[in-house]
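> Could you have a look at this structure, given as structure tokens, before my questions?
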Amino acid sequence: MTAAPSDLLCELLTQSLLAWRITGEACLVGGGAILISGGCRRVLVKPAPSDLPFRWLVAIDGRERPAISIVAVLRQVRETLDPGYATRRVRIGAFPLVPP
Amino acid sequence: MIEVLILTGFLGSGKTTLLGRLLRQPEFSRTAVIVNEFGEIGLDHDLIEASEDSLIELQTGCLCCKIRSDLAATIHDLLRRRDEGAVVPFTRIVIETSGLADPAPVLQTLMTDAAIAERVVLRGVVTTVDAVNGTATLDREEISAKQAAVADRLLLTKTDLARPQTALMRRLKELNATAPVQIAQHGQIAPRDLLNGCLYDPLTRSLDVRSWLGAEPDAHEHHHGIDTYALVRSEPLRAVTLTLFLEAIAEHCGADLLRLKGIVNILESPERPAVIHGVQHVFHPPSWLPRWPSDDRRSRMIFITRDIPRGWIEALLAALDAEVAAVSRGMPI
């Protein structure tokens, strides 16, 4: 059986903390929400209500921001927890679905 | 298409000797050479003797330090002169980097300059490693390790002075498990041996992906934080998943992604696999093979990274795959 996106996102965030060398942890806190603690900051990522055109909501210091995909979640979490991270936003052109 | 071979290797590792001997071989006729030398006054180009149907261009300064436009301008100029008939109609460009150069910006230039990319194709990266001093150099000089890590082919030189030590072979395997290691005898190697296993096969005018990817790395080793690993997947990937995956890697890994190369089974194109190639935050537009090169239809991606845990790459792909699958099925989280 395939793992749920929340479980996989939690694992990704755990691995991300390791990759970014941030001491902390990510854990599921119920309802598919994930609490990430790193440094002195805490970030709560939870599934967006189904009537919103987003997949996730990211709460930082009490303020919620939408994230359209896991890539956007990852960016917001890193910008919050990794002070040395200079956002290097990259857009890969949409991969053609079929060969030209 | 004009093929480009990048010849790199640390100072004194025998690049110029090798190149000089290659250029005397008929297989290397009609070759344009761009020699990049570090320092105000170049010398290496005087040491290279080419046949009359080859030509040598000199660039001074270090490619890794100077803006990449210098190299692009040199290639543009060569192509223009070729078109005008001012130089021999070369069919190959060899770029010999300075021994202190990071080869990644050279690769990026070939990928990012649209006018160059539509006329040239990367044949491969060959890195020379000195059998006498290689181990010490790899230990001491990080750029040397990087040169070895991004190679499609590693070439041991000065083996007439010292037999390749087990420690050196092990170190090279740690740095780049997928690149074959060959031995140059007195600075010589048969051109066909050097060129086999590179990405572009000029005889068939096709991409030789199997040789290019090499054997799957079987170990998880570290040196200067450099690591090589393969991601292998039996299930096809959605094109959107691959796009997001590459985007996240480029954004979060940047310069620590030394090289990524792979063949990918795309769900929407089951009969024609995609070939991907990235260097640091730059990705080449994917090429589509006309068919699978073998019965093995698994996606295989080779990562050469510095301080990027394999677990992060695997977790990223798994999470994106699940999310895109859920979205495509209209499922909530």
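In the structure tokens, chains take the letters A, B, ... in the order shown, each chain's residues start at 1, and ligands count up from 1 in the order shown.
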Taking only C-alpha atoms into account, what are the residues of chain B at most 7 Å from chain A, put as a PDB file with C-alpha atoms, in the first residue's frame?

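Final file, part.pdb:
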```pdb
ATOM      1  CA  ALA B 239       6.228  14.184 -16.470  1.00  0.00           C
ATOM      2  CA  VAL B 240       4.966  16.684 -13.888  1.00  0.00           C
ATOM      3  CA  THR B 243       9.597  18.592 -13.532  1.00  0.00           C
ATOM      4  CA  LEU B 244       8.923  19.277  -9.839  1.00  0.00           C
ATOM      5  CA  LEU B 246      14.292  18.654 -10.944  1.00  0.00           C
ATOM      6  CA  GLU B 247      13.021  22.045  -9.805  1.00  0.00           C
ATOM      7  CA  ALA B 248      13.397  21.168  -6.123  1.00  0.00           C
ATOM      8  CA  ALA B 250      18.065  22.669  -8.556  1.00  0.00           C
ATOM      9  CA  GLU B 251      16.643  25.019  -5.955  1.00  0.00           C
ATOM     10  CA  GLU B 268       3.021   9.716 -20.864  1.00  0.00           C
ATOM     11  CA  SER B 269       5.729   8.458 -23.243  1.00  0.00           C
ATOM     12  CA  TRP B 288      13.990  11.807 -26.196  1.00  0.00           C
ATOM     13  CA  ILE B 308      23.420  15.859  -0.318  1.00  0.00           C
ATOM     14  CA  PRO B 309      22.130  12.784   1.496  1.00  0.00           C
ATOM     15  CA  GLY B 311      17.795   9.853   1.774  1.00  0.00           C
ATOM     16  CA  TRP B 312      16.711  13.379   0.914  1.00  0.00           C
ATOM     17  CA  ALA B 315      12.237  11.079   0.096  1.00  0.00           C
ATOM     18  CA  LEU B 316      11.741  14.012  -2.273  1.00  0.00           C
ATOM     19  CA  ALA B 318       8.573   9.600  -3.143  1.00  0.00           C
ATOM     20  CA  ALA B 319       6.693  12.588  -1.726  1.00  0.00           C
ATOM     21  CA  LEU B 320       6.311  14.341  -5.075  1.00  0.00           C
ATOM     22  CA  ALA B 322       2.523  10.571  -4.195  1.00  0.00           C
ATOM     23  CA  GLU B 323       1.310  14.146  -4.357  1.00  0.00           C
ATOM     24  CA  PRO B 332      -7.545  15.116  -1.138  1.00  0.00           C
ATOM     25  CA  ILE B 333      -4.427  14.783   1.000  1.00  0.00           C
TER      26      ILE B 333
END
```
> Give me every alpha helix (DSSP H) residue in range 161-328 of chain B, going by DSSP on the backbone, as number ranges by chain.
B: 166-175, 191-195, 209-213, 239-253, 310-328
> For the selection just defined, write its residues with N, CA and C atoms to a file, as a short mmCIF file (atom, residue, chain, number, x, y, z; two decimals), in the first residue's frame.

```cif
data_model
loop_
_atom_site.label_atom_id
_atom_site.label_comp_id
_atom_site.auth_asym_id
_atom_site.auth_seq_id
_atom_site.Cartn_x
_atom_site.Cartn_y
_atom_site.Cartn_z
N THR B 166 46.31 0.55 -5.46
CA THR B 166 44.95 0.14 -5.07
C THR B 166 44.22 1.30 -4.41
N ALA B 167 44.96 2.07 -3.61
CA ALA B 167 44.33 3.19 -2.91
C ALA B 167 43.76 4.21 -3.89
N LEU B 168 44.51 4.45 -4.97
CA LEU B 168 44.03 5.42 -5.96
C LEU B 168 42.79 4.89 -6.68
N MET B 169 42.83 3.62 -7.06
CA MET B 169 41.68 3.05 -7.75
C MET B 169 40.45 3.08 -6.84
N ARG B 170 40.67 2.79 -5.56
CA ARG B 170 39.55 2.80 -4.62
C ARG B 170 39.00 4.22 -4.47
N ARG B 171 39.89 5.18 -4.40
CA ARG B 171 39.47 6.57 -4.25
C ARG B 171 38.66 7.03 -5.47
N LEU B 172 39.11 6.64 -6.64
CA LEU B 172 38.38 7.03 -7.85
C LEU B 172 37.00 6.37 -7.88
N LYS B 173 36.95 5.14 -7.42
CA LYS B 173 35.67 4.44 -7.37
C LYS B 173 34.72 5.11 -6.39
N GLU B 174 35.29 5.60 -5.30
CA GLU B 174 34.47 6.31 -4.32
C GLU B 174 33.90 7.59 -4.92
N LEU B 175 34.75 8.29 -5.65
CA LEU B 175 34.33 9.57 -6.20
C LEU B 175 33.39 9.43 -7.37
N PRO B 191 42.19 6.34 -29.69
CA PRO B 191 41.03 7.24 -29.68
C PRO B 191 39.71 6.53 -29.46
N ARG B 192 39.57 5.34 -30.07
CA ARG B 192 38.27 4.66 -29.91
C ARG B 192 38.04 4.26 -28.44
N ASP B 193 39.14 3.95 -27.74
CA ASP B 193 38.98 3.59 -26.33
C ASP B 193 38.58 4.81 -25.49
N LEU B 194 39.08 5.94 -25.91
CA LEU B 194 38.76 7.15 -25.18
C LEU B 194 37.31 7.57 -25.42
N LEU B 195 36.84 7.37 -26.63
CA LEU B 195 35.54 7.90 -26.99
C LEU B 195 34.40 6.94 -26.73
N VAL B 209 23.12 5.86 -24.27
CA VAL B 209 22.81 6.13 -22.87
C VAL B 209 23.34 5.04 -21.95
N ARG B 210 23.29 3.81 -22.40
CA ARG B 210 23.74 2.72 -21.51
C ARG B 210 25.20 2.90 -21.11
N SER B 211 26.03 3.18 -22.12
CA SER B 211 27.45 3.37 -21.81
C SER B 211 27.66 4.63 -20.98
N TRP B 212 26.89 5.65 -21.31
CA TRP B 212 27.05 6.95 -20.65
C TRP B 212 26.72 6.84 -19.16
N LEU B 213 25.68 6.11 -18.85
CA LEU B 213 25.30 5.99 -17.45
C LEU B 213 26.26 5.08 -16.70
N ALA B 239 5.36 13.08 -16.03
CA ALA B 239 6.23 14.18 -16.47
C ALA B 239 6.22 15.32 -15.46
N VAL B 240 5.05 15.59 -14.87
CA VAL B 240 4.97 16.68 -13.89
C VAL B 240 5.83 16.36 -12.66
N THR B 241 5.82 15.11 -12.25
CA THR B 241 6.65 14.73 -11.10
C THR B 241 8.11 15.00 -11.39
N LEU B 242 8.54 14.64 -12.58
CA LEU B 242 9.95 14.85 -12.92
C LEU B 242 10.28 16.33 -12.95
N THR B 243 9.36 17.14 -13.50
CA THR B 243 9.60 18.59 -13.53
C THR B 243 9.77 19.15 -12.12
N LEU B 244 8.85 18.78 -11.22
CA LEU B 244 8.92 19.28 -9.84
C LEU B 244 10.17 18.76 -9.13
N PHE B 245 10.50 17.52 -9.40
CA PHE B 245 11.69 16.89 -8.80
C PHE B 245 12.95 17.67 -9.19
N LEU B 246 13.10 17.93 -10.47
CA LEU B 246 14.29 18.65 -10.94
C LEU B 246 14.31 20.07 -10.39
N GLU B 247 13.11 20.68 -10.32
CA GLU B 247 13.02 22.05 -9.81
C GLU B 247 13.49 22.11 -8.35
N ALA B 248 13.02 21.17 -7.54
CA ALA B 248 13.40 21.17 -6.12
C ALA B 248 14.88 20.87 -5.95
N ILE B 249 15.40 19.96 -6.75
CA ILE B 249 16.83 19.64 -6.66
C ILE B 249 17.67 20.86 -7.03
N ALA B 250 17.29 21.50 -8.13
CA ALA B 250 18.07 22.67 -8.56
C ALA B 250 17.99 23.77 -7.50
N GLU B 251 16.82 23.94 -6.93
CA GLU B 251 16.64 25.02 -5.96
C GLU B 251 17.40 24.75 -4.66
N HIS B 252 17.36 23.54 -4.18
CA HIS B 252 17.93 23.26 -2.85
C HIS B 252 19.36 22.75 -2.88
N CYS B 253 19.76 22.18 -3.99
CA CYS B 253 21.13 21.63 -4.04
C CYS B 253 22.11 22.59 -4.69
N ARG B 310 21.53 10.88 0.23
CA ARG B 310 20.69 10.09 -0.67
C ARG B 310 19.25 10.01 -0.16
N GLY B 311 19.13 9.95 1.18
CA GLY B 311 17.80 9.85 1.77
C GLY B 311 16.91 11.03 1.40
N TRP B 312 17.50 12.20 1.28
CA TRP B 312 16.71 13.38 0.91
C TRP B 312 16.20 13.27 -0.52
N ILE B 313 17.08 12.83 -1.41
CA ILE B 313 16.68 12.67 -2.82
C ILE B 313 15.55 11.64 -2.92
N GLU B 314 15.71 10.53 -2.23
CA GLU B 314 14.69 9.47 -2.30
C GLU B 314 13.37 9.93 -1.70
N ALA B 315 13.46 10.61 -0.56
CA ALA B 315 12.24 11.08 0.10
C ALA B 315 11.54 12.13 -0.75
N LEU B 316 12.32 12.97 -1.42
CA LEU B 316 11.74 14.01 -2.27
C LEU B 316 10.95 13.38 -3.42
N LEU B 317 11.57 12.42 -4.07
CA LEU B 317 10.89 11.80 -5.21
C LEU B 317 9.63 11.05 -4.75
N ALA B 318 9.74 10.35 -3.63
CA ALA B 318 8.57 9.60 -3.14
C ALA B 318 7.42 10.54 -2.80
N ALA B 319 7.74 11.66 -2.14
CA ALA B 319 6.69 12.59 -1.73
C ALA B 319 6.05 13.26 -2.94
N LEU B 320 6.86 13.68 -3.88
CA LEU B 320 6.31 14.34 -5.07
C LEU B 320 5.48 13.36 -5.89
N ASP B 321 5.97 12.16 -5.99
CA ASP B 321 5.26 11.14 -6.77
C ASP B 321 3.86 10.91 -6.17
N ALA B 322 3.81 10.80 -4.86
CA ALA B 322 2.52 10.57 -4.20
C ALA B 322 1.60 11.77 -4.36
N GLU B 323 2.16 12.96 -4.24
CA GLU B 323 1.31 14.15 -4.36
C GLU B 323 0.75 14.29 -5.77
N VAL B 324 1.61 14.13 -6.76
CA VAL B 324 1.14 14.28 -8.15
C VAL B 324 0.13 13.19 -8.49
N ALA B 325 0.37 11.98 -7.98
CA ALA B 325 -0.59 10.90 -8.22
C ALA B 325 -1.94 11.23 -7.58
N ALA B 326 -1.89 11.77 -6.37
CA ALA B 326 -3.14 12.12 -5.67
C ALA B 326 -3.88 13.22 -6.42
N VAL B 327 -3.14 14.22 -6.88
CA VAL B 327 -3.78 15.32 -7.62
C VAL B 327 -4.39 14.80 -8.91
N SER B 328 -3.66 13.94 -9.59
CA SER B 328 -4.18 13.46 -10.88
C SER B 328 -5.41 12.58 -10.69
#
```
> Just the residues within 10 Å of Ser13 in chain B, please, counting only C-alpha atoms, with nothing from its chain fewer than 3 positions along; format it as an mmCIF file with N, CA and C atoms, in the first residue's frame.

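Printed below is out00.cif as written:
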```
data_model
loop_
_atom_site.group_PDB
_atom_site.id
_atom_site.type_symbol
_atom_site.label_atom_id
_atom_site.label_comp_id
_atom_site.auth_asym_id
_atom_site.auth_seq_id
_atom_site.Cartn_x
_atom_site.Cartn_y
_atom_site.Cartn_z
ATOM 1 N N THR B 8 39.650 17.411 -18.899
ATOM 2 C CA THR B 8 39.991 18.113 -17.673
ATOM 3 C C THR B 8 40.920 17.234 -16.827
ATOM 4 N N GLY B 9 41.378 17.768 -15.730
ATOM 5 C CA GLY B 9 42.327 17.043 -14.872
ATOM 6 C C GLY B 9 43.213 18.067 -14.183
ATOM 7 N N PHE B 10 43.742 17.693 -13.034
ATOM 8 C CA PHE B 10 44.489 18.656 -12.238
ATOM 9 C C PHE B 10 45.808 19.028 -12.921
ATOM 10 N N THR B 16 47.823 17.875 -21.531
ATOM 11 C CA THR B 16 48.409 18.421 -22.745
ATOM 12 C C THR B 16 49.174 17.352 -23.522
ATOM 13 N N THR B 17 49.905 16.515 -22.803
ATOM 14 C CA THR B 17 50.618 15.411 -23.457
ATOM 15 C C THR B 17 49.627 14.501 -24.178
ATOM 16 N N LEU B 18 48.582 14.163 -23.482
ATOM 17 C CA LEU B 18 47.559 13.288 -24.055
ATOM 18 C C LEU B 18 46.944 13.931 -25.302
ATOM 19 N N GLY B 99 44.148 23.300 -15.386
ATOM 20 C CA GLY B 99 44.214 22.300 -14.327
ATOM 21 C C GLY B 99 43.540 22.721 -13.039
ATOM 22 N N THR B 127 38.577 12.915 -17.705
ATOM 23 C CA THR B 127 39.427 13.503 -16.657
ATOM 24 C C THR B 127 40.705 12.687 -16.519
ATOM 25 N N THR B 128 41.833 13.368 -16.629
ATOM 26 C CA THR B 128 43.113 12.688 -16.441
ATOM 27 C C THR B 128 43.496 12.702 -14.961
ATOM 28 N N VAL B 129 44.035 11.588 -14.514
ATOM 29 C CA VAL B 129 44.480 11.458 -13.120
ATOM 30 C C VAL B 129 45.895 10.880 -13.145
ATOM 31 N N ASP B 130 46.764 11.546 -12.447
ATOM 32 C CA ASP B 130 48.181 11.184 -12.420
ATOM 33 C C ASP B 130 48.388 9.986 -11.481
ATOM 34 N N ALA B 131 48.924 8.890 -12.017
ATOM 35 C CA ALA B 131 49.104 7.686 -11.191
ATOM 36 C C ALA B 131 50.166 7.874 -10.117
ATOM 37 N N VAL B 132 51.052 8.854 -10.314
ATOM 38 C CA VAL B 132 52.119 9.073 -9.335
ATOM 39 C C VAL B 132 51.594 9.876 -8.144
ATOM 40 N N ASN B 133 50.958 11.012 -8.451
ATOM 41 C CA ASN B 133 50.532 11.927 -7.389
ATOM 42 C C ASN B 133 49.026 11.953 -7.168
ATOM 43 N N GLY B 134 48.327 11.114 -7.902
ATOM 44 C CA GLY B 134 46.869 11.212 -7.910
ATOM 45 C C GLY B 134 46.219 11.130 -6.541
ATOM 46 N N THR B 137 46.894 14.246 -4.534
ATOM 47 C CA THR B 137 46.206 15.402 -5.105
ATOM 48 C C THR B 137 44.711 15.340 -4.785
ATOM 49 N N LEU B 155 40.967 8.744 -16.858
ATOM 50 C CA LEU B 155 42.129 8.261 -17.585
ATOM 51 C C LEU B 155 43.368 8.390 -16.703
ATOM 52 N N LEU B 156 43.957 7.248 -16.373
ATOM 53 C CA LEU B 156 45.161 7.255 -15.539
ATOM 54 C C LEU B 156 46.373 7.512 -16.416
ATOM 55 N N THR B 157 47.162 8.500 -16.032
ATOM 56 C CA THR B 157 48.350 8.857 -16.796
ATOM 57 C C THR B 157 49.594 8.551 -15.963
ATOM 58 N N LYS B 158 50.734 8.656 -16.608
ATOM 59 C CA LYS B 158 52.037 8.443 -15.961
ATOM 60 C C LYS B 158 52.147 7.035 -15.366
#
```
> Take CA of Leu78 in chain B and CA of Pro286 in chain B and report the distance between them in Å, one decimal.
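Result for CA of Leu78 in chain B versus CA of Pro286 in chain B: 26.1 Å, one decimal.
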> In Å, how far is it from CA of Leu71 in chain B to CA of Ile226 in chain B?
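Computing it gives 26.7 Å between the two atoms.
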> If you run DSSP on the backbone here, which positions in range 106-329 of chain B get strand (DSSP E or B)? Please write them as a count of residues only.
68
> What's the 12 Å shell around Val232 in chain B, counting only C-alpha atoms, without same-chain residues fewer than 3 positions away, as a list in words?
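Listing them by chain and then by number gives Glu216, Pro217, Asp218, Tyr229, Glu235, Pro236, Leu237, Gly262, Ile263, Val264, Asn265, Asp296, Arg297, Arg298, Ser299, Arg300, Met301, Ile302, Phe303, Ile313, Glu314 and Leu317 of chain B.
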> As an exercise, work out the distance from CA of Asp51 in chain A to CA of Ala26 in chain A in Å and give it to one decimal place.
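Computing the Euclidean distance for CA of Asp51 in chain A and CA of Ala26 in chain A yields 26.5 Å.
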> When distances are computed from only C-alpha atoms, which of B:Gly12, B:Leu257, B:Gln108, B:Ala179 shows the smallest separation from Ser144 in chain B?
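Looking only at the distances to Ser144 in chain B, the closest residue turns out to be B:Gly12.
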> Using only C-alpha atoms, which protein or nucleic acid residues come within 12 Å of range 81-84 of chain B? Drop anything in the same chain fewer than 4 positions from it, and give the result as a PDB file with C-alpha atoms, in the first residue's frame.

```pdb
ATOM      1  CA  ILE B   2      29.627  19.009 -33.841  1.00  0.00           C
ATOM      2  CA  ARG B  30      39.370  18.016 -38.125  1.00  0.00           C
ATOM      3  CA  THR B  31      39.406  18.898 -34.473  1.00  0.00           C
ATOM      4  CA  ALA B  32      39.234  22.397 -33.079  1.00  0.00           C
ATOM      5  CA  SER B  54      43.033  20.870 -36.909  1.00  0.00           C
ATOM      6  CA  LEU B  55      43.282  24.211 -35.194  1.00  0.00           C
ATOM      7  CA  THR B  74      35.140  31.563 -28.356  1.00  0.00           C
ATOM      8  CA  ILE B  75      32.845  28.762 -29.515  1.00  0.00           C
ATOM      9  CA  HIS B  76      30.611  31.194 -31.414  1.00  0.00           C
ATOM     10  CA  ASP B  77      33.650  32.642 -33.127  1.00  0.00           C
ATOM     11  CA  VAL B  88      38.942  23.802 -41.576  1.00  0.00           C
ATOM     12  CA  PRO B  89      35.469  22.309 -41.369  1.00  0.00           C
ATOM     13  CA  PHE B  90      36.111  20.723 -38.013  1.00  0.00           C
ATOM     14  CA  THR B  91      33.741  18.069 -36.749  1.00  0.00           C
ATOM     15  CA  ARG B  92      34.855  18.046 -33.154  1.00  0.00           C
ATOM     16  CA  ILE B  93      35.782  20.562 -30.482  1.00  0.00           C
ATOM     17  CA  ARG B 119      24.905  23.067 -33.060  1.00  0.00           C
TER      18      ARG B 119
END
```
